[in-house]
Amino acid sequence: MIKAIFLTARPPFLLLTLSVITMAGALAHKDNAEFSIALFTLVLLGALAAHASVNMLNEAHDARSGLDELTQRTPFSGGSGALQDYPGLINRVEAIGLGLLGFVMTLGLYFIWLTGWGLLPIGLVGVGLVLAYTPKITRSPWLCLITPGLAFGPLMVMGSYYVLTGYYSCIALALSLIPFFLVNNLLLLNQYPDLAADRQVGRRNLVIAYGEKTGVRVFNLFLITSFVGLVALALTDCIPLWSLLGLLMLVLAIPLMIKLITSPHPFRPSSTDLASNVIINLATPALIALGLLIA
């Protein structure tokens with residue numbers, strides 16, 4: 001039972017938070033001589049709690065709606081399956097998800113006390129996204145498209161940077177656009193296997209609303225923009241050239257783009273495609289962080 005509750009937090013996906021926060025922390029470390037490891041650890045715990053919260057609330061909502069009974073589960077989509085095995089845990093999982101959100105809000109108030117009210121707008125938007133994502137945002141195609149990237153990009157990177165340095169930075173904002181585009185793509189590609197099930201429960205994402213070809217075009221545009229943006233930041237001396245280590249993920253990104261362009265429709269990504277997309281999301285911010293630390 002404890003294991004089932006733990007699985008609803010989708011632990012493997014929490015690695016994305018670790019990667020993005022590490023990138024934000026590496027930039028803050030480069031810019032702030034008084035960088036605090038203890039404070040960074042608290043920021044990471046808060047971000048992990050927020051990510052686990054939205055995952056658990058999503059699992060509870062999908063179990064109640066019957067969505068998870070309609071999907072064909074993969075390692076990358078369709079939920080954890082824990083609440084299908086233990087349906088009696090739905091209320092408990094939802095309560096723990098809300099409890100984690102409460103912890104995040106408490107930690108956020110501490111950060112505001114520590115660094116100032118500048119963090120409040122990001123915190124309020126973040127809490128709103130956690131609560132609204134599954135019941136509301138997944139029914140709006142464009143909000144559904146950009147909300148994951150907004151959470152893991154500008155909100156997570158800028159919020160972390162502000163707590164660790166005490167101020168906002170245009171460079172941090174620009175760098176946050178890389179996970180913005182990549183994480184939007186992570187959820188976008190993962191929606192393809194679940195299209196039929198999502199339609200049945202009233203979800204309306206970009207692919208459902210505008211078609212699979214539109215989804216592929218947006219995916220490739222976002223992927224190209226993320227790597228072009230990284231190059232632009234390095235060439236304009238906004239970030240060190242070592243940050244271009246992130247370009248190593250082009251070895252996966254280019255074949256994935258070609259596959260999506262040349263595949264017949266209706267397109268259904270393979271497990272290899274989904275895995276490549278996950279690795280791009282995890283490794284690109286981590287490699288950028290490594291480059292920032294080396295520099």
# chains A, B, ... in the order shown; residues from 1 in each chain; ligands from 1

$ residues_around --residues "range 113-127 of chain A" --least-positions-apart "3" --cutoff "12 Å" --atoms "only C-alpha atoms" --output "MDAnalysis selection string"
chainID A and resid 39 46:47 49:51 53:54 98 100:110 130:133 147:168

$ residues_around --residues "Ile294 in chain A" --least-positions-apart "2" --cutoff "12 Å" --atoms "only C-alpha atoms" --output "VMD selection string"
chain A and resid 26 to 27 29 to 30 239 to 245 287 to 292

$ residues_around --residues "range 223-227 of chain A" --least-positions-apart "2" --cutoff "8 Å" --atoms "only C-alpha atoms" --output "PDB file with C-alpha atoms, in the first residue's frame"
ATOM      1  CA  LEU A 177      13.063  29.172 -22.196  1.00  0.00           C
ATOM      2  CA  ILE A 178      15.102  26.065 -23.027  1.00  0.00           C
ATOM      3  CA  PRO A 179      13.239  23.819 -20.547  1.00  0.00           C
ATOM      4  CA  PHE A 181      10.160  24.464 -25.020  1.00  0.00           C
ATOM      5  CA  LEU A 182      11.557  21.030 -24.160  1.00  0.00           C
ATOM      6  CA  ASN A 185       7.354  18.851 -26.065  1.00  0.00           C
ATOM      7  CA  PHE A 219       6.977  19.779 -31.633  1.00  0.00           C
ATOM      8  CA  ASN A 220       9.720  20.314 -34.216  1.00  0.00           C
ATOM      9  CA  LEU A 221       9.462  24.099 -33.947  1.00  0.00           C
ATOM     10  CA  GLY A 229      18.252  29.597 -28.209  1.00  0.00           C
ATOM     11  CA  LEU A 230      21.082  27.800 -26.414  1.00  0.00           C
ATOM     12  CA  VAL A 231      23.508  28.659 -29.220  1.00  0.00           C
ATOM     13  CA  LEU A 247      24.074  20.447 -27.920  1.00  0.00           C
ATOM     14  CA  ALA A 253      16.887  15.386 -31.305  1.00  0.00           C
TER      15      ALA A 253
END

$ residues_around --residues "Ile261 in chain A" --least-positions-apart "2" --cutoff "9 Å" --atoms "only C-alpha atoms" --output "ChimeraX atom specification"
/A:213,216-217,220,256-259,263-264

$ write_last_selection --atoms "C-alpha atoms" --output "PDB file, in the first residue's frame"
ATOM      1  CA  LYS A 213       0.220  17.115 -38.176  1.00  0.00           C
ATOM      2  CA  VAL A 216       4.289  17.405 -35.128  1.00  0.00           C
ATOM      3  CA  ARG A 217       4.957  20.876 -36.557  1.00  0.00           C
ATOM      4  CA  ASN A 220       9.720  20.314 -34.216  1.00  0.00           C
ATOM      5  CA  LEU A 256      13.531  12.296 -33.663  1.00  0.00           C
ATOM      6  CA  MET A 257      12.581  15.323 -35.753  1.00  0.00           C
ATOM      7  CA  ILE A 258      13.246  13.432 -38.973  1.00  0.00           C
ATOM      8  CA  LYS A 259      11.174  10.490 -37.723  1.00  0.00           C
ATOM      9  CA  SER A 263       6.229   9.064 -40.425  1.00  0.00           C
ATOM     10  CA  PRO A 264       2.822   8.393 -41.984  1.00  0.00           C
TER      11      PRO A 264
END

$ select_by_dssp --residues "range 197-295 of chain A" --states "alpha helix (DSSP H)" --output "number ranges by chain"
A: 197-200, 206-210, 212-235, 250-262, 271-294

$ residues_around --residues "Glu59 in chain A" --least-positions-apart "3" --cutoff "9 Å" --atoms "only C-alpha atoms" --output "list in words"
Thr8, Ala9, Val54, Asn55, Met56, Asp62, Ala63, Arg64, Asp68, Gly79, Ser80, Gly81, Ala82, Leu83, Ile90, Val93 and Glu94 of chain A

$ atom_distance --atom1 "CA of Leu186 in chain A" --atom2 "CA of Leu274 in chain A"
8.2 Å

$ closest_residue --among "A:Ser19, A:Ile2, A:Thr284, A:Phe111" --to "Val43 in chain A" --atoms "only C-alpha atoms"
A:Phe111

$ residues_around --residues "Leu206 in chain A" --least-positions-apart "3" --cutoff "8 Å" --atoms "only C-alpha atoms" --output "MDAnalysis selection string"
chainID A and resid 141:142 144:145 188 209:211 214:215
